[in-house]
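What follows is the content of upload-v3.cif (mmCIF, C-alpha atoms (C1' of nucleotides)).
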data_upload
#
loop_
_atom_site.label_atom_id
_atom_site.label_comp_id
_atom_site.auth_asym_id
_atom_site.auth_seq_id
_atom_site.Cartn_x
_atom_site.Cartn_y
_atom_site.Cartn_z
CA MET W 29 2.42 -11.01 52.30
CA LYS W 30 3.80 -7.48 52.32
CA ILE W 31 7.19 -6.86 50.72
CA ALA W 32 9.01 -3.52 50.67
CA THR W 33 12.08 -1.82 49.33
CA TYR W 34 13.65 1.15 51.05
CA ASN W 35 16.79 3.11 50.26
CA VAL W 36 17.61 4.20 53.81
CA ASN W 37 20.59 6.42 52.95
CA GLY W 38 22.69 5.26 55.89
CA VAL W 39 21.34 2.41 58.01
CA ASN W 40 22.89 3.67 61.26
CA GLY W 41 22.10 7.33 60.84
CA ARG W 42 18.60 6.27 59.81
CA LEU W 43 18.00 3.62 62.46
CA PRO W 44 15.29 5.49 64.43
CA VAL W 45 13.38 6.20 61.22
CA LEU W 46 13.80 2.63 59.98
CA LEU W 47 12.56 1.14 63.27
CA ARG W 48 9.64 3.55 63.41
CA TRP W 49 8.61 2.63 59.89
CA LEU W 50 9.02 -1.14 60.52
CA ALA W 51 6.76 -0.87 63.58
CA GLU W 52 4.17 1.17 61.70
CA ALA W 53 4.14 -0.61 58.34
CA ALA W 54 4.91 -4.14 59.58
CA PRO W 55 6.29 -5.41 56.26
CA ASP W 56 7.06 -9.13 56.11
CA ILE W 57 10.14 -8.78 53.93
CA VAL W 58 12.25 -5.66 53.28
CA CYS W 59 15.07 -4.95 50.86
CA LEU W 60 17.33 -2.15 52.08
CA GLN W 61 19.82 -0.15 50.04
CA GLU W 62 22.56 2.34 50.80
CA LEU W 63 23.53 0.92 54.17
CA LYS W 64 26.70 3.05 54.07
CA ALA W 65 28.23 0.79 56.68
CA PRO W 66 30.71 -2.09 56.70
CA ASP W 67 29.42 -5.56 57.61
CA GLU W 68 30.50 -5.25 61.24
CA ARG W 69 28.49 -2.07 61.74
CA PHE W 70 25.16 -3.36 60.49
CA PRO W 71 22.70 -2.84 63.40
CA ILE W 72 21.57 -6.44 63.57
CA GLU W 73 20.68 -6.37 67.29
CA ALA W 74 18.21 -3.52 66.88
CA ILE W 75 16.70 -5.19 63.81
CA ARG W 76 16.36 -8.53 65.63
CA ALA W 77 14.73 -6.71 68.55
CA ALA W 78 12.22 -5.34 66.05
CA GLY W 79 11.34 -8.89 65.08
CA TYR W 80 13.36 -9.34 61.89
CA ASP W 81 16.08 -11.67 60.76
CA ALA W 82 18.48 -10.22 58.18
CA ILE W 83 21.27 -10.86 55.75
CA TRP W 84 23.42 -8.00 54.51
CA HIS W 85 26.34 -7.10 52.29
CA GLY W 86 27.96 -3.97 53.62
CA GLN W 87 30.74 -1.68 52.50
CA LYS W 88 32.54 1.17 54.19
CA SER W 89 30.91 4.56 53.53
CA TRP W 90 29.03 3.63 50.37
CA ASN W 91 26.45 1.29 48.93
CA GLY W 92 25.44 -1.79 50.90
CA VAL W 93 22.28 -3.92 50.60
CA ALA W 94 20.28 -6.10 52.98
CA ILE W 95 17.21 -8.34 53.12
CA LEU W 96 15.07 -8.43 56.26
CA SER W 97 12.35 -10.97 57.03
CA ARG W 98 9.95 -11.71 59.82
CA VAL W 99 8.39 -14.65 57.96
CA GLY W 100 10.82 -17.52 58.11
CA SER W 101 14.44 -18.12 57.40
CA ILE W 102 16.45 -16.24 54.77
CA GLN W 103 18.41 -18.60 52.54
CA GLU W 104 21.05 -16.52 50.79
CA THR W 105 21.58 -17.60 47.19
CA ARG W 106 24.01 -14.93 45.98
CA ARG W 107 25.83 -11.74 46.89
CA GLY W 108 27.17 -9.62 44.06
CA LEU W 109 26.22 -9.97 40.40
CA PRO W 110 28.16 -12.37 38.20
CA GLY W 111 30.18 -11.07 35.28
CA ASP W 112 32.87 -8.90 36.88
CA PRO W 113 35.11 -10.36 39.59
CA ASP W 114 36.77 -6.94 40.02
CA ASP W 115 33.53 -5.20 40.98
CA SER W 116 34.03 -4.20 44.62
CA HIS W 117 30.70 -2.44 45.18
CA SER W 118 28.11 -4.09 47.45
CA ARG W 119 25.03 -3.67 45.30
CA TYR W 120 23.26 -7.02 44.98
CA ILE W 121 22.04 -9.64 47.41
CA GLU W 122 19.66 -12.49 46.70
CA ALA W 123 17.81 -14.96 48.89
CA ALA W 124 14.97 -17.45 49.05
CA VAL W 125 12.44 -16.30 51.64
CA ASN W 126 9.01 -17.72 52.37
CA GLY W 127 8.63 -19.36 48.98
CA LEU W 128 9.98 -16.44 46.94
CA LEU W 129 13.33 -15.70 45.38
CA ILE W 130 14.23 -12.07 46.04
CA GLY W 131 17.00 -10.05 44.43
CA GLY W 132 17.70 -6.83 46.31
CA LEU W 133 19.68 -4.34 44.27
CA TYR W 134 21.17 -0.88 44.25
CA LEU W 135 21.92 0.07 40.68
CA PRO W 136 24.72 2.62 40.23
CA ASN W 137 23.76 6.29 39.96
CA GLY W 138 25.98 6.83 36.91
CA ASN W 139 26.48 10.58 37.03
CA PRO W 140 28.18 12.42 35.54
CA ARG W 141 27.30 11.42 32.02
CA PRO W 142 29.32 10.80 30.00
CA GLY W 143 32.16 9.37 32.05
CA PRO W 144 33.51 6.25 33.74
CA LYS W 145 30.72 6.21 36.31
CA PHE W 146 28.14 6.20 33.57
CA ASP W 147 30.01 3.41 31.78
CA TYR W 148 30.00 1.43 35.01
CA LYS W 149 26.25 1.94 35.34
CA LEU W 150 25.60 0.59 31.83
CA ARG W 151 27.89 -2.41 32.39
CA TRP W 152 26.24 -3.14 35.74
CA PHE W 153 22.81 -2.91 34.10
CA ASP W 154 23.91 -5.37 31.41
CA ARG W 155 25.09 -7.80 34.08
CA LEU W 156 21.75 -7.44 35.88
CA ILE W 157 19.88 -8.15 32.65
CA ASP W 158 21.98 -11.26 32.03
CA HIS W 159 21.41 -12.55 35.54
CA ALA W 160 17.71 -11.67 35.50
CA ALA W 161 17.28 -13.71 32.30
CA GLY W 162 18.34 -16.81 34.20
CA LEU W 163 16.00 -16.01 37.07
CA MET W 164 13.11 -15.55 34.68
CA ALA W 165 13.93 -18.77 32.82
CA SER W 166 13.85 -20.67 36.11
CA GLY W 167 10.08 -20.23 36.27
CA LEU W 168 10.34 -19.61 40.01
CA PRO W 169 8.36 -16.87 41.74
CA VAL W 170 11.00 -14.13 41.65
CA MET W 171 11.07 -10.48 42.61
CA LEU W 172 13.74 -7.90 41.81
CA ALA W 173 13.44 -4.96 44.18
CA GLY W 174 15.50 -1.93 44.98
CA ASP W 175 16.82 1.42 43.88
CA PHE W 176 17.23 1.12 40.10
CA ASN W 177 18.30 4.75 39.66
CA VAL W 178 16.11 4.91 36.55
CA MET W 179 12.94 6.85 35.87
CA PRO W 180 11.28 4.55 33.32
CA THR W 181 9.12 7.16 31.58
CA GLU W 182 8.41 10.89 31.52
CA ARG W 183 5.50 10.23 33.85
CA ASP W 184 8.02 9.29 36.52
CA VAL W 185 9.79 12.67 36.66
CA TYR W 186 8.47 15.96 38.00
CA LYS W 187 10.10 17.87 35.14
CA PRO W 188 11.32 15.49 32.43
CA GLU W 189 12.91 18.13 30.22
CA ARG W 190 15.39 18.94 32.97
CA TRP W 191 16.57 15.34 33.22
CA THR W 192 17.06 14.25 29.62
CA ASP W 193 20.87 14.24 29.85
CA ASP W 194 21.05 12.91 33.39
CA ALA W 195 22.30 9.39 34.07
CA LEU W 196 18.96 8.53 35.73
CA PHE W 197 16.91 9.36 32.66
CA ALA W 198 19.29 9.03 29.72
CA PRO W 199 17.97 7.15 26.66
CA GLU W 200 20.48 4.30 27.02
CA VAL W 201 19.46 3.73 30.63
CA ARG W 202 15.74 3.81 29.94
CA ALA W 203 16.35 1.43 27.03
CA ALA W 204 18.16 -0.95 29.38
CA TYR W 205 15.18 -0.86 31.74
CA VAL W 206 12.88 -1.75 28.83
CA ARG W 207 15.18 -4.62 27.83
CA LEU W 208 14.92 -5.93 31.38
CA LEU W 209 11.13 -5.66 31.52
CA ASP W 210 10.83 -7.29 28.11
CA GLN W 211 12.06 -10.52 29.69
CA GLY W 212 8.61 -10.71 31.27
CA TRP W 213 8.91 -8.65 34.46
CA THR W 214 6.00 -6.57 35.75
CA ASP W 215 6.61 -3.13 37.26
CA ALA W 216 4.25 -3.58 40.23
CA LEU W 217 3.59 0.09 41.03
CA ARG W 218 2.82 0.99 37.43
CA ARG W 219 0.61 -2.01 36.84
CA LEU W 220 -1.75 -1.06 39.66
CA HIS W 221 -1.47 2.72 39.11
CA PRO W 222 -1.06 3.13 35.35
CA ASP W 223 -1.79 6.85 35.14
CA GLU W 224 -0.93 8.25 38.56
CA LYS W 225 1.92 10.52 39.45
CA ILE W 226 4.05 8.33 41.70
CA TYR W 227 7.38 9.33 43.17
CA THR W 228 9.70 7.44 45.51
CA PHE W 229 12.51 9.99 45.86
CA TRP W 230 12.62 13.71 46.58
CA ASP W 231 16.01 15.35 46.90
CA TYR W 232 17.01 17.33 49.97
CA PHE W 233 17.49 20.51 47.96
CA ARG W 234 15.08 23.31 47.24
CA ASN W 235 12.27 22.02 49.39
CA ALA W 236 11.69 19.26 46.84
CA PHE W 237 9.34 17.16 48.97
CA ALA W 238 7.02 20.05 49.83
CA ARG W 239 6.91 20.96 46.12
CA ASP W 240 6.44 17.29 45.19
CA ALA W 241 9.42 17.61 42.84
CA GLY W 242 10.13 13.89 42.89
CA LEU W 243 11.36 10.94 40.90
CA ARG W 244 10.16 7.34 40.67
CA ILE W 245 13.36 5.30 40.80
CA ASP W 246 12.64 2.56 43.36
CA HIS W 247 10.95 -0.41 41.74
CA LEU W 248 9.55 -3.85 42.50
CA LEU W 249 9.61 -6.15 39.47
CA LEU W 250 7.63 -9.37 39.53
CA SER W 251 7.95 -12.57 37.56
CA PRO W 252 4.65 -13.84 36.07
CA ALA W 253 3.98 -16.24 38.95
CA LEU W 254 4.12 -13.31 41.37
CA SER W 255 2.46 -10.75 39.14
CA GLU W 256 -0.77 -12.70 39.20
CA ARG W 257 -0.71 -12.55 43.00
CA LEU W 258 -0.29 -8.75 43.14
CA VAL W 259 -3.12 -7.04 45.04
CA ARG W 260 -1.65 -3.73 46.26
CA ALA W 261 1.34 -1.49 45.55
CA GLU W 262 2.01 1.75 47.42
CA VAL W 263 4.60 4.33 48.39
CA ASP W 264 4.81 5.32 52.07
CA SER W 265 5.51 8.89 51.04
CA HIS W 266 4.64 10.33 54.47
CA VAL W 267 7.86 8.76 55.78
CA ARG W 268 9.76 11.21 53.57
CA GLY W 269 8.31 13.99 55.75
CA TRP W 270 9.70 12.63 59.02
CA GLU W 271 12.61 14.19 60.89
CA LYS W 272 16.07 12.93 59.90
CA THR W 273 14.52 10.91 57.09
CA SER W 274 16.01 9.37 53.96
CA ASP W 275 15.63 11.14 50.63
CA HIS W 276 13.78 8.00 49.46
CA ALA W 277 10.44 6.73 50.73
CA PRO W 278 9.64 3.04 51.35
CA VAL W 279 7.78 1.30 48.53
CA TRP W 280 5.79 -1.89 49.09
CA ILE W 281 3.50 -4.44 47.54
CA GLU W 282 0.97 -6.88 48.90
CA LEU W 283 0.88 -10.38 47.42
CA ALA W 284 -2.03 -12.77 47.78
CA GLU W 285 -1.30 -16.26 48.97
CA PRO W 286 -0.45 -18.63 46.13
CA ARG W 287 -3.57 -20.11 44.61
CA ARG W 288 -3.96 -23.72 45.57
CA ARG W 289 -4.63 -26.42 43.06
CA ARG W 290 -7.87 -27.73 44.47
CA PRO W 291 -10.03 -30.44 42.94
CA VAL W 292 -12.55 -29.06 40.48
CA ARG W 293 -15.44 -30.49 42.47
CA GLN W 294 -14.42 -28.51 45.55
CA VAL W 295 -14.07 -25.30 43.56
CA GLU W 296 -17.56 -25.72 42.11
CA GLU W 297 -19.05 -26.41 45.51
CA THR W 298 -17.47 -23.49 47.32
CA LYS W 299 -17.58 -20.76 44.70
CA ASN W 300 -20.35 -19.27 42.65
CA GLY W 301 -19.96 -18.71 38.94
CA ARG W 302 -18.10 -15.44 39.39
CA THR W 303 -14.84 -16.92 40.54
CA ALA W 304 -15.02 -20.39 39.11
CA PRO W 305 -13.74 -19.45 35.63
CA ARG W 306 -10.52 -18.11 37.16
CA THR W 307 -9.50 -21.44 38.62
CA GLU W 308 -6.56 -23.24 37.12
CA ALA W 309 -7.50 -26.51 38.80
CA GLY W 310 -7.39 -28.48 35.63
CA THR W 311 -10.43 -26.93 33.99
CA GLY W 312 -8.52 -25.46 31.10
CA THR W 313 -10.41 -22.20 31.48
CA ALA W 314 -7.64 -20.10 32.99
CA PRO W 315 -7.05 -16.81 31.15
CA ALA W 316 -4.40 -16.87 28.45
CA ARG W 317 -0.98 -15.96 29.76
CA PRO W 318 2.56 -15.98 28.41
CA ARG W 319 4.21 -19.39 28.38
CA ARG W 320 6.52 -18.30 31.15
CA ALA W 321 3.54 -17.79 33.41
CA ARG W 322 2.92 -21.51 33.77
CA GLY W 323 3.06 -22.89 37.28
CA ARG W 324 6.19 -24.22 38.88
CA ARG W 325 4.95 -27.77 38.54
CA ALA W 326 4.78 -27.46 34.79
CA GLU W 327 8.20 -25.85 34.56
CA GLN W 328 9.85 -28.70 36.38
CA GLN W 329 8.80 -31.25 33.84
CA PRO W 330 11.36 -32.00 31.11
"C1'" DA E 30 21.75 28.09 34.94
"C1'" DT E 31 23.23 27.58 39.47
"C1'" DG E 32 23.17 25.79 43.91
"C1'" DG E 33 20.86 24.04 47.21
"C1'" DC E 34 21.11 19.37 51.42
"C1'" DC E 35 22.71 15.19 53.70
"C1'" DA E 36 25.74 11.12 55.28
"C1'" DT E 37 30.13 9.30 55.99
"C1'" DC E 38 34.98 9.25 57.58
"C1'" DC E 39 40.30 8.97 61.85
"C1'" DG E 40 36.92 14.32 59.47
"C1'" DT E 41 37.51 19.83 60.50
"C1'" DG E 42 36.89 19.40 54.19
"C1'" DA E 43 36.35 15.87 50.49
"C1'" DT E 44 33.34 12.87 48.18
"C1'" DG E 45 29.18 10.71 46.55
"C1'" DG E 46 24.54 10.96 46.05
"C1'" DA E 47 20.39 11.91 42.27
#

Just give me the structure of the file as structure tokens.
Amino acid sequence: MKIATYNVNGVNGRLPVLLRWLAEAAPDIVCLQELKAPDERFPIEAIRAAGYDAIWHGQKSWNGVAILSRVGSIQETRRGLPGDPDDSHSRYIEAAVNGLLIGGLYLPNGNPRPGPKFDYKLRWFDRLIDHAAGLMASGLPVMLAGDFNVMPTERDVYKPERWTDDALFAPEVRAAYVRLLDQGWTDALRRLHPDEKIYTFWDYFRNAFARDAGLRIDHLLLSPALSERLVRAEVDSHVRGWEKTSDHAPVWIELAEPRRRRPVRQVEETKNGRTAPRTEAGTGTAPARPRRARGRRAEQQP
DNA sequence: ATGGCCATCCGTGATGGA
């Protein structure tokens, strides 16, 4: 199963690029950010014609998030983060899709720093961390995906020294990202590419894409049950080079099918010794993992 | 250090983005 996140920077202005990328990449599930359109102007007909169902939370001019799927129904579980009834920004949408729980998010930019926008970013981040704690505690296979507007480390910025005071790289914001990950989330791109230069955004100024002056700010975070299914994680950076493109590139992961709990006898008959030790079919030989990583079945027991 | 670009809206510039 292929799952992507893409900050489209205007879903209507970007529709040809979005449809071209959907046809080429054929993701199963997509989180979109920065729709920049009210609910009634979401291009649902074109997206259905491309083979996708969708839910969306729009807003005039700014923000806006959506979840697309071509693999079964989308059961919306939440729109908007809890913790601030006065928050009018459309920045979070959550749904159960194809056996996963997916939170699609667009974290505030926060510039200039300091200032009220930066304060809003930190408060929003705190609300995300609170909500994510509940998702993690559920033991469900959960993914948080979207534009986090945070470069986690110096490796994720083309020129870190120029960004130290920016709201995307400020110490408080990076610390909040660490607090989130410390709940047990896995940064999918970094786990599979620990030392590579990976960017997901290149600004429109100064020929940034051609110079590869980029930032890594779009992330896919996996709960333990999903992290162990992660097989690929990539950035479709060539899309950033298309005409009339977004300043972000699509980012995606590939998840293996959930491992089945087969009888031990069947495992031993069908596999040689190389894979048999990895089974969790009651052999007690599965590799040590954090307690949270136990299967759903175990979590449901009192 | 500055400004560069792009999308949106009852627009002819302002604002937000990162």

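Between atom CA of W:Val93 and atom CA of W:Cys59 the interatomic distance comes to 7.3 Å.
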
Per residue of chain E within 10 Å of chain W, what are the shortest atom pair and its distance in Å to one decimal, counting all atoms listed in the file, with rows by chain and residue number, as a Markdown table?
| residue | atom | partner | partner_atom | distance |
| --- | --- | --- | --- | --- |
| E:DG32 | C1' | W:Phe233 | CA | 8.7 |
| E:DG33 | C1' | W:Phe233 | CA | 4.9 |
| E:DC34 | C1' | W:Tyr232 | CA | 4.8 |
| E:DC35 | C1' | W:Tyr232 | CA | 7.1 |
| E:DA36 | C1' | W:Gly38 | CA | 6.6 |
| E:DT37 | C1' | W:Ser89 | CA | 5.4 |
| E:DC38 | C1' | W:Ser89 | CA | 7.4 |
| E:DG45 | C1' | W:Trp90 | CA | 8.0 |
| E:DG46 | C1' | W:Asn137 | CA | 7.7 |
| E:DA47 | C1' | W:Asn137 | CA | 6.9 |

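Nearest to W:Ala203 of all the residues W:Val178, W:Leu249, W:Leu168, W:Ile130 is W:Val178, based on only C-alpha atoms.
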
Contacts of W:Ile102 within 9 Å, only C-alpha atoms (C1' of nucleotides), excl. fewer than 5 positions in-chain, as a ChimeraX atom specification: /W:81-83,95-97,123-126

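Atom pair atom CA of W:Gly108 / atom CA of W:Tyr120: separated by 4.8 Å.
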
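The spacing separating atom CA of W:Arg107 from atom CA of W:Pro286 amounts to 27.2 Å.
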
Residue with the minimum atom-to-atom distance to E:DA30, picked from W:Arg257, W:Arg207, W:His221, W:Arg190 with all atoms listed in the file counted, is W:Arg190

Report the residues retrieved by the PyMOL selection byres ((chain W and resi 242) around 10) from the displayed file, expressed as a ChimeraX atom specification. /W:184-187,225-231,236-241,243-245,275-276

Please write as a count of residues only the full residue list that the PyMOL selection byres ((chain W and resi 66) around 6) yields on this file. 7

Can you tell me, as a PyMOL selection string, what residues are no more than 6 Å from stretch 113-118 of chain W when counting all atoms listed in the file, ignoring any on the same chain fewer than 4 positions away? chain W and resi 85+91-92
